[in-house]
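Structure file final.cif (mmCIF, C-alpha atoms and all ligand atoms) is printed below.
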data_run
#
loop_
_atom_site.label_atom_id
_atom_site.label_comp_id
_atom_site.auth_asym_id
_atom_site.auth_seq_id
_atom_site.Cartn_x
_atom_site.Cartn_y
_atom_site.Cartn_z
CA MET A 1 -69.35 -69.33 47.17
CA GLY A 2 -68.86 -69.81 43.44
CA MET A 3 -68.07 -66.97 41.06
CA ASN A 4 -70.86 -65.44 39.09
CA ILE A 5 -70.49 -65.16 35.32
CA GLN A 6 -69.44 -61.49 35.43
CA GLU A 7 -66.70 -62.19 38.00
CA ALA A 8 -65.46 -65.19 36.01
CA MET A 9 -65.29 -63.07 32.88
CA ALA A 10 -63.48 -60.32 34.75
CA SER A 11 -60.72 -62.68 35.96
CA PRO A 12 -57.77 -62.36 33.62
CA LEU A 13 -55.78 -65.25 32.25
CA VAL A 14 -52.27 -65.01 33.69
CA TRP A 15 -49.34 -65.94 31.46
CA HIS A 16 -45.90 -66.80 32.86
CA PRO A 17 -43.30 -66.28 30.12
CA GLN A 18 -39.76 -67.53 30.81
CA THR A 19 -38.01 -65.12 28.46
CA ALA A 20 -38.36 -61.53 27.27
CA ALA A 21 -39.06 -62.82 23.75
CA GLU A 22 -41.99 -64.93 25.01
CA ALA A 23 -43.40 -61.98 26.97
CA TRP A 24 -43.06 -59.77 23.93
CA GLN A 25 -44.81 -62.33 21.73
CA LEU A 26 -47.73 -62.55 24.18
CA LYS A 27 -48.06 -58.78 24.08
CA GLN A 28 -48.12 -58.82 20.27
CA THR A 29 -50.77 -61.53 20.33
CA TYR A 30 -53.12 -59.81 22.78
CA GLY A 31 -52.41 -56.14 22.05
CA THR A 32 -54.34 -53.83 24.37
CA GLU A 33 -56.09 -56.87 25.90
CA GLY A 34 -52.77 -58.04 27.36
CA ILE A 35 -50.98 -56.06 30.06
CA TYR A 36 -47.46 -56.54 31.42
CA THR A 37 -47.42 -56.94 35.17
CA SER A 38 -44.47 -57.04 37.57
CA GLY A 39 -45.51 -56.73 41.23
CA GLY A 40 -49.01 -55.66 40.20
CA THR A 41 -49.24 -53.13 43.06
CA LEU A 42 -49.84 -50.06 40.91
CA LEU A 43 -52.11 -51.93 38.51
CA ARG A 44 -54.30 -53.05 41.43
CA THR A 45 -54.81 -49.47 42.59
CA GLN A 46 -55.82 -48.52 39.04
CA TRP A 47 -58.34 -51.37 38.79
CA GLU A 48 -59.77 -50.67 42.25
CA SER A 49 -60.21 -46.97 41.58
CA GLY A 50 -61.68 -47.60 38.13
CA ILE A 51 -58.86 -45.75 36.30
CA SER A 52 -58.44 -48.82 34.12
CA ALA A 53 -60.33 -52.07 33.61
CA ILE A 54 -58.92 -55.48 34.56
CA PRO A 55 -57.49 -56.80 31.27
CA ARG A 56 -58.33 -60.16 29.68
CA HIS A 57 -54.67 -61.26 29.79
CA LEU A 58 -51.97 -60.50 32.34
CA ILE A 59 -48.40 -61.08 31.20
CA ASP A 60 -46.51 -61.80 34.42
CA LEU A 61 -42.92 -60.63 33.97
CA SER A 62 -41.69 -62.01 37.32
CA THR A 63 -41.07 -65.42 35.71
CA ILE A 64 -38.55 -64.06 33.18
CA ARG A 65 -35.21 -65.47 34.23
CA GLY A 66 -32.33 -63.32 35.47
CA LEU A 67 -34.08 -60.04 36.18
CA ASN A 68 -34.49 -60.16 39.94
CA ASP A 69 -31.16 -59.15 41.37
CA LEU A 70 -28.41 -56.52 41.28
CA ARG A 71 -24.99 -57.19 39.83
CA ILE A 72 -21.90 -55.28 38.79
CA GLY A 73 -21.68 -55.15 34.99
CA GLU A 74 -19.03 -53.65 32.71
CA ALA A 75 -20.77 -50.28 32.52
CA GLY A 76 -22.06 -50.00 36.09
CA LEU A 77 -24.53 -51.50 38.53
CA VAL A 78 -27.24 -53.47 36.72
CA VAL A 79 -30.52 -53.46 38.62
CA GLY A 80 -32.88 -56.16 37.34
CA GLY A 81 -36.34 -54.77 36.73
CA GLN A 82 -38.01 -57.57 38.69
CA THR A 83 -36.04 -56.82 41.87
CA SER A 84 -38.45 -55.91 44.66
CA LEU A 85 -38.17 -52.46 46.19
CA GLN A 86 -37.43 -54.20 49.51
CA SER A 87 -34.43 -56.10 48.05
CA CYS A 88 -33.16 -52.91 46.43
CA ARG A 89 -33.43 -51.12 49.72
CA SER A 90 -31.38 -53.69 51.62
CA ASN A 91 -28.71 -53.96 48.91
CA THR A 92 -25.41 -52.54 50.11
CA LEU A 93 -23.97 -51.91 46.63
CA LEU A 94 -26.93 -49.67 45.91
CA SER A 95 -26.82 -47.85 49.25
CA ARG A 96 -23.03 -47.35 49.08
CA HIS A 97 -22.75 -46.12 45.49
CA PHE A 98 -26.21 -44.71 44.78
CA PRO A 99 -27.55 -43.59 48.17
CA MET A 100 -30.19 -41.30 46.71
CA VAL A 101 -31.87 -44.25 44.97
CA SER A 102 -31.96 -46.13 48.30
CA GLU A 103 -33.39 -43.04 49.97
CA ALA A 104 -36.06 -42.66 47.26
CA ILE A 105 -37.08 -46.30 47.68
CA ARG A 106 -37.29 -45.86 51.46
CA THR A 107 -40.01 -43.28 50.92
CA ILE A 108 -42.17 -45.44 48.62
CA ALA A 109 -45.34 -46.97 50.11
CA ALA A 110 -44.92 -49.30 53.15
CA PRO A 111 -42.96 -52.55 53.74
CA SER A 112 -45.82 -54.86 52.72
CA VAL A 113 -46.13 -53.10 49.35
CA ARG A 114 -42.35 -52.85 48.90
CA HIS A 115 -42.05 -56.65 49.17
CA LEU A 116 -44.26 -57.07 46.09
CA ALA A 117 -43.55 -53.89 44.14
CA THR A 118 -40.59 -53.89 41.77
CA ILE A 119 -38.15 -51.21 40.71
CA GLY A 120 -38.99 -52.02 37.07
CA GLY A 121 -42.69 -51.42 37.71
CA ASN A 122 -41.85 -48.17 39.43
CA VAL A 123 -39.85 -46.96 36.43
CA ALA A 124 -42.19 -48.40 33.78
CA SER A 125 -45.11 -46.52 35.34
CA SER A 126 -43.22 -43.34 34.22
CA ILE A 127 -44.22 -41.56 37.41
CA GLY A 128 -42.60 -43.64 40.19
CA ASP A 129 -40.81 -41.85 43.00
CA SER A 130 -37.50 -43.64 42.33
CA ILE A 131 -37.20 -42.03 38.89
CA ALA A 132 -35.91 -38.58 39.91
CA ALA A 133 -33.12 -40.26 41.91
CA LEU A 134 -32.22 -42.54 38.99
CA LEU A 135 -32.08 -39.50 36.70
CA GLY A 136 -29.77 -37.84 39.22
CA TYR A 137 -27.24 -40.62 38.49
CA ASP A 138 -27.79 -40.50 34.70
CA ALA A 139 -29.26 -44.01 34.71
CA GLU A 140 -29.90 -45.93 31.52
CA VAL A 141 -32.59 -48.50 30.84
CA ILE A 142 -32.20 -51.81 29.06
CA TRP A 143 -35.34 -52.74 27.15
CA PHE A 144 -36.49 -55.29 24.62
CA ASP A 145 -38.00 -54.33 21.26
CA GLY A 146 -38.99 -57.79 20.10
CA THR A 147 -35.62 -58.57 18.55
CA THR A 148 -32.80 -57.09 20.57
CA GLU A 149 -31.95 -55.53 23.93
CA ASN A 150 -31.49 -51.76 23.70
CA ARG A 151 -29.70 -49.36 26.02
CA THR A 152 -31.17 -45.85 26.26
CA LEU A 153 -30.73 -43.00 28.71
CA LEU A 154 -33.66 -43.03 31.13
CA SER A 155 -34.19 -39.30 30.44
CA GLU A 156 -34.74 -40.10 26.75
CA TRP A 157 -36.72 -43.28 27.34
CA LEU A 158 -39.31 -41.76 29.68
CA PRO A 159 -41.17 -39.48 27.24
CA GLU A 160 -41.35 -42.30 24.68
CA ALA A 161 -42.45 -44.90 27.21
CA SER A 162 -45.14 -42.71 28.73
CA ALA A 163 -46.47 -41.82 25.27
CA ALA A 164 -46.56 -45.52 24.34
CA LYS A 165 -48.33 -46.49 27.57
CA ARG A 166 -51.66 -47.49 26.03
CA GLY A 167 -50.25 -48.95 22.85
CA ASN A 168 -47.31 -51.16 22.16
CA GLU A 169 -45.64 -50.95 25.54
CA ARG A 170 -41.88 -51.18 25.70
CA LEU A 171 -40.65 -54.14 27.70
CA LEU A 172 -38.32 -52.85 30.38
CA LEU A 173 -35.69 -55.35 31.50
CA SER A 174 -33.16 -53.59 33.76
CA MET A 175 -31.74 -50.28 34.88
CA LEU A 176 -28.06 -49.46 34.56
CA LEU A 177 -26.42 -47.09 37.03
CA PRO A 178 -22.99 -45.92 35.81
CA PHE A 179 -20.44 -45.60 38.59
CA GLU A 180 -19.59 -41.93 39.11
CA ILE A 181 -16.21 -40.75 37.85
CA SER A 182 -14.00 -40.41 40.88
CA LEU A 183 -13.01 -36.94 42.04
CA GLU A 184 -9.40 -37.73 41.15
CA GLU A 185 -10.44 -37.95 37.49
CA THR A 186 -12.33 -34.64 37.60
CA SER A 187 -9.49 -32.88 39.43
CA VAL A 188 -7.79 -29.74 38.15
CA LYS A 189 -4.10 -29.09 38.40
CA HIS A 190 -3.40 -25.54 39.45
CA ASP A 191 0.14 -24.17 40.01
CA ASP A 192 1.26 -27.77 40.27
CA LYS A 193 -0.97 -28.12 43.28
CA ASP A 194 -3.51 -30.88 43.06
CA LEU A 195 -6.85 -29.54 44.21
CA THR A 196 -8.48 -32.97 44.20
CA MET A 197 -8.82 -33.03 47.93
CA GLN A 198 -10.70 -29.77 47.83
CA MET A 199 -13.34 -30.90 45.35
CA LYS A 200 -16.50 -32.28 46.81
CA ARG A 201 -19.35 -34.32 45.50
CA PHE A 202 -22.76 -33.28 46.77
CA GLY A 203 -26.25 -34.55 46.31
CA ALA A 204 -29.72 -34.75 47.80
CA TYR A 205 -33.05 -36.42 47.14
CA HIS A 206 -36.30 -35.15 48.61
CA LYS A 207 -39.84 -36.35 48.35
CA ILE A 208 -42.48 -33.93 49.51
CA GLY A 209 -45.91 -35.39 50.26
CA ARG A 210 -48.91 -34.21 52.17
CA ARG A 211 -47.80 -36.01 55.32
CA GLU A 212 -44.52 -37.30 56.74
CA ALA A 213 -44.66 -40.96 55.63
CA PHE A 214 -46.70 -43.44 53.54
CA THR A 215 -47.77 -40.70 51.20
CA PRO A 216 -47.99 -40.12 47.46
CA SER A 217 -45.51 -37.51 46.26
CA VAL A 218 -46.37 -33.92 45.47
CA VAL A 219 -42.79 -33.19 44.39
CA THR A 220 -39.67 -35.33 44.03
CA ALA A 221 -36.39 -33.50 43.60
CA CYS A 222 -32.86 -34.77 43.12
CA MET A 223 -29.61 -32.91 42.68
CA ASN A 224 -26.18 -34.44 42.16
CA GLY A 225 -22.90 -32.74 41.35
CA VAL A 226 -19.35 -31.67 42.10
CA LEU A 227 -18.16 -28.33 43.53
CA THR A 228 -14.65 -26.93 43.63
CA HIS A 229 -13.09 -25.68 46.85
CA ASN A 230 -14.37 -22.17 46.04
CA SER A 231 -17.94 -23.29 45.26
CA VAL A 232 -17.72 -23.33 41.48
CA ILE A 233 -20.05 -25.93 39.98
CA LYS A 234 -18.00 -28.50 38.04
CA GLN A 235 -20.85 -30.89 37.32
CA ILE A 236 -24.55 -30.84 38.13
CA ARG A 237 -27.72 -32.80 37.43
CA ILE A 238 -31.14 -31.62 38.52
CA ALA A 239 -34.17 -33.92 38.23
CA LEU A 240 -37.75 -33.12 39.23
CA GLY A 241 -41.01 -35.04 39.31
CA GLY A 242 -43.84 -35.90 41.71
CA GLY A 243 -47.53 -36.83 41.55
CA GLN A 244 -48.61 -37.63 37.98
CA THR A 245 -45.70 -35.69 36.44
CA VAL A 246 -43.28 -37.68 34.30
CA PRO A 247 -39.92 -36.72 35.89
CA VAL A 248 -37.47 -34.63 33.89
CA ARG A 249 -33.85 -33.51 33.96
CA LEU A 250 -33.48 -29.71 33.71
CA GLU A 251 -30.59 -29.94 31.28
CA LYS A 252 -30.92 -26.36 30.01
CA LEU A 253 -30.49 -25.02 33.52
CA GLU A 254 -27.65 -27.47 34.25
CA LYS A 255 -25.74 -26.09 31.23
CA GLU A 256 -26.41 -22.50 32.27
CA ILE A 257 -24.95 -22.93 35.75
CA ASN A 258 -22.11 -25.34 35.03
CA GLY A 259 -18.89 -23.41 35.68
CA ALA A 260 -20.58 -20.69 37.75
CA ALA A 261 -19.89 -19.91 41.41
CA VAL A 262 -22.72 -20.45 43.87
CA ASP A 263 -23.68 -17.02 45.20
CA GLY A 264 -26.90 -15.06 45.81
CA HIS A 265 -27.19 -14.08 42.17
CA LEU A 266 -26.86 -17.67 40.97
CA LEU A 267 -29.39 -18.96 43.50
CA ARG A 268 -31.95 -16.39 42.32
CA HIS A 269 -31.32 -17.45 38.73
CA VAL A 270 -31.79 -21.13 39.63
CA TYR A 271 -35.05 -20.36 41.44
CA GLU A 272 -36.48 -18.34 38.54
CA ARG A 273 -35.44 -20.86 35.88
CA ILE A 274 -37.00 -23.80 37.75
CA ILE A 275 -40.28 -21.86 37.88
CA GLU A 276 -39.99 -21.32 34.11
CA LEU A 277 -38.72 -24.72 33.00
CA PHE A 278 -40.43 -27.27 35.26
CA GLU A 279 -43.93 -28.14 34.04
CA PRO A 280 -45.59 -30.27 36.73
CA ARG A 281 -49.10 -31.66 36.32
CA GLU A 282 -51.64 -30.42 38.79
CA ASP A 283 -54.28 -32.55 40.49
CA LEU A 284 -56.79 -32.23 43.33
CA PHE A 285 -53.98 -32.18 45.91
CA ALA A 286 -51.70 -29.40 44.68
CA SER A 287 -51.54 -26.77 41.97
CA ALA A 288 -48.76 -26.61 39.38
CA ALA A 289 -47.62 -23.29 40.91
CA TYR A 290 -47.21 -24.88 44.36
CA ARG A 291 -45.18 -27.74 42.90
CA LYS A 292 -42.94 -25.36 40.95
CA SER A 293 -42.10 -23.22 43.97
CA THR A 294 -41.61 -26.28 46.21
CA ALA A 295 -39.18 -27.79 43.70
CA ALA A 296 -37.34 -24.49 43.28
CA ASN A 297 -37.02 -24.01 47.06
CA LEU A 298 -35.68 -27.54 47.54
CA ILE A 299 -33.00 -27.23 44.88
CA VAL A 300 -31.92 -23.73 45.91
CA ALA A 301 -31.68 -24.74 49.58
CA GLU A 302 -29.60 -27.82 48.75
CA LEU A 303 -27.28 -25.88 46.47
CA TRP A 304 -26.76 -23.29 49.18
CA LYS A 305 -26.06 -25.99 51.77
CA ALA A 306 -23.57 -27.67 49.43
CA ALA A 307 -21.70 -24.40 48.88
CA LYS A 308 -21.64 -23.78 52.64
CA GLY A 309 -20.33 -27.28 53.19
CA GLU A 310 -23.32 -28.36 55.22
CA THR A 311 -24.13 -31.55 53.31
CA LYS A 312 -22.30 -34.76 53.96
CA PRO A 313 -20.28 -35.82 50.92
CA LEU A 314 -21.87 -38.72 49.06
C1 LIG B 401 -50.58 -48.48 49.17
C2 LIG B 401 -49.69 -48.10 48.04
C3 LIG B 401 -48.79 -47.04 48.19
C4 LIG B 401 -47.96 -46.66 47.12
N1 LIG B 401 -47.08 -45.65 47.33
C5 LIG B 401 -46.23 -45.30 46.31
C6 LIG B 401 -45.26 -44.27 46.51
O1 LIG B 401 -45.15 -43.68 47.59
N2 LIG B 401 -44.44 -43.96 45.46
C7 LIG B 401 -44.50 -44.61 44.26
O2 LIG B 401 -43.71 -44.31 43.38
N3 LIG B 401 -45.41 -45.58 44.05
C8 LIG B 401 -46.27 -45.94 45.04
N4 LIG B 401 -47.20 -46.94 44.83
C9 LIG B 401 -47.33 -47.51 43.47
C10 LIG B 401 -46.54 -48.82 43.24
O3 LIG B 401 -46.54 -49.66 44.37
C11 LIG B 401 -45.09 -48.57 42.85
O4 LIG B 401 -44.99 -47.61 41.81
C12 LIG B 401 -44.40 -49.89 42.40
O5 LIG B 401 -43.00 -49.73 42.33
C13 LIG B 401 -44.91 -50.41 41.08
O6 LIG B 401 -44.23 -51.62 40.82
P1 LIG B 401 -45.01 -52.94 40.44
O7 LIG B 401 -43.97 -53.98 40.20
O8 LIG B 401 -46.05 -53.30 41.44
O9 LIG B 401 -45.67 -52.47 39.07
P2 LIG B 401 -46.98 -53.00 38.33
O10 LIG B 401 -48.20 -52.59 39.06
O11 LIG B 401 -46.83 -54.46 38.01
O12 LIG B 401 -46.84 -52.19 36.94
C14 LIG B 401 -46.88 -50.79 36.89
C15 LIG B 401 -47.05 -50.34 35.43
O13 LIG B 401 -45.89 -50.61 34.68
C16 LIG B 401 -46.13 -51.58 33.65
N5 LIG B 401 -44.99 -52.48 33.73
C17 LIG B 401 -44.58 -53.15 34.83
N6 LIG B 401 -43.41 -53.75 34.59
C18 LIG B 401 -43.07 -53.46 33.31
C19 LIG B 401 -41.96 -53.78 32.48
N7 LIG B 401 -40.92 -54.52 32.93
N8 LIG B 401 -41.94 -53.30 31.22
C20 LIG B 401 -42.96 -52.53 30.73
N9 LIG B 401 -44.03 -52.18 31.48
C21 LIG B 401 -44.09 -52.65 32.75
C22 LIG B 401 -47.48 -52.20 33.98
O14 LIG B 401 -48.17 -52.61 32.82
C23 LIG B 401 -48.17 -51.05 34.67
O15 LIG B 401 -48.67 -50.14 33.72
C24 LIG B 401 -48.04 -47.34 45.88
C25 LIG B 401 -48.95 -48.41 45.73
C26 LIG B 401 -49.76 -48.79 46.79
C27 LIG B 401 -50.71 -49.94 46.61
#

What would you get if you wrote out this structure as structure tokens?
Amino acid sequence: MGMNIQEAMASPLVWHPQTAAEAWQLKQTYGTEGIYTSGGTLLRTQWESGISAIPRHLIDLSTIRGLNDLRIGEAGLVVGGQTSLQSCRSNTLLSRHFPMVSEAIRTIAAPSVRHLATIGGNVASSIGDSIAALLGYDAEVIWFDGTTENRTLLSEWLPEASAAKRGNERLLLSMLLPFEISLEETSVKHDDKDLTMQMKRFGAYHKIGRREAFTPSVVTACMNGVLTHNSVIKQIRIALGGGQTVPVRLEKLEKEINGAAVDGHLLRHVYERIIELFEPREDLFASAAYRKSTAANLIVAELWKAAKGETKPL
């Protein structure tokens, strides 16, 4: 059967730029009529549910050269934005050095979707479930502004990118995961005794949904840090997101508890401050209050387990 005129008009023209500069130029030409697409899996759900209309022009980023693999760069592991979630998941560099990102990807959608969906699309959406884990490793993003490639901390890029969503979208190229400083370098010398061996790195990523698997997130929570032998926090990052919430690092709280010992008093403080500082968006599935207390419970439980030595070192 042939297309009727409405269907024909609804079909977008698909452009296949070879470079970031070409993609950028197409976006400038078509403005809000032209939409960047990577795997297209999130966009499809938005068109099907009527959240957004099918655009006149699709700018397919998968044809830009050099963005669909992972490689070790000078500053860390460079994850090309066009790498599929499936390829990320099976990459041993990622699972060895950044296990919480691998774990986050494991919980996204199902294999058929993960073959098409990209890590860049997940991050560019500003609400993807991989973002809290990437924040837990202090990831940076490499993006193109029409002239040059820029490097910005993901935590700083997210609010800008989500605000720009409907306008002049930023073209995301890659993510950069800095390798963690080894425990030897964070060690303290005490009475000439090297306590390196007694420092431990800890971390956890959790996604809470309304069922066990193949579920949208209600809360995503990631914690990553270093504890001394007597449970004093030497370094900590806490990142929270989930649902339609743009994930955030709780840097105020991180500063407050850095250098403190993990005890009952500290855990109460952490719980109360997460309730105060985390501002999740509510939807039909869960209230903001439920998301706050879920996030606070997850972080407090993981911090307690880390102090008790019940988590495997990362
Ligand atoms: C059945 C199903 C289940 C899902 N479950 C989950 C889930 O559990 N967790 C989850 O996080 N997501 C889920 N998703 C959403 C989606 O699959 C993922 O977020 C995916 O990683 C998006 O990647 P993509 O390449 O398909 O992005 P696309 O759909 O191509 O793009 C997503 C958005 O980002 C923009 N964009 C894409 N690439 C770039 C770029 N390089 N620069 C600038 N802007 C860009 C697009 O314009 C669009 O607004 C699910 C989707 C489906 C269909």

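Of the residues under consideration (A:Val248, A:Val78, A:Leu173, A:Leu154), A:Leu173 shows the shortest atom-to-atom contact distance to ligand LIG 401 (chain B) when counting only C-alpha atoms and all ligand atoms.
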
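With distances restricted to only C-alpha atoms, A:Phe179 is the closest residue to Glu140 of chain A from A:Tyr290, A:Glu169, A:Phe179, A:Gly31.
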
Give me, as a PyMOL selection string, the set of residues whose atoms come within 8 Å of any atom of ligand LIG 401 (chain B), counting only C-alpha atoms and all ligand atoms. chain A and resi 35-45+61+81-82+84-85+107-110+113-114+116-130+143+165+169-174+214-217

Surrounding residues of Asp263 of chain A excluding itself and chain neighbours under 3 positions, 9 Å, all atoms listed in the file, as a compact mmCIF listing (two decimals) with C-alpha atoms, in the frame of the given file:
# COMPACT_ATOMS: atom_id res chain seq x y z
CA SER A 231 -17.94 -23.29 45.26
CA ALA A 260 -20.58 -20.69 37.75
CA LEU A 266 -26.86 -17.67 40.97
CA LEU A 267 -29.39 -18.96 43.50
CA ARG A 268 -31.95 -16.39 42.32
CA TRP A 304 -26.76 -23.29 49.18
CA ALA A 307 -21.70 -24.40 48.88

Tell me which residues come within 8 Å of (-57.9, -59.3, 35.5), as a list in words, counting only C-alpha atoms in the file's coordinates. Ala10, Ser11, Pro12, Leu13, Ala53, Ile54, Pro55, Arg56, His57 and Leu58 of chain A

What's the separation between atom CA of Tyr271 of chain A and atom CA of Ala296 of chain A, in Å to one decimal place?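 According to the coordinates, atom CA of Tyr271 of chain A and atom CA of Ala296 of chain A are separated by 5.1 Å.
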
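We find atom CA of Leu277 of chain A and atom CA of Gln244 of chain A to be spaced 17.0 Å apart.
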
Compile the contact shell of Lys255 of chain A as number ranges by chain: residues with an atom at most 12 Å away, counting only C-alpha atoms, same-chain residues fewer than 5 positions apart removed. A: 233-238, 249-250, 260, 270, 273

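The space separating atom CA of Ser155 of chain A from atom CA of Ala139 of chain A comes to 8.0 Å.
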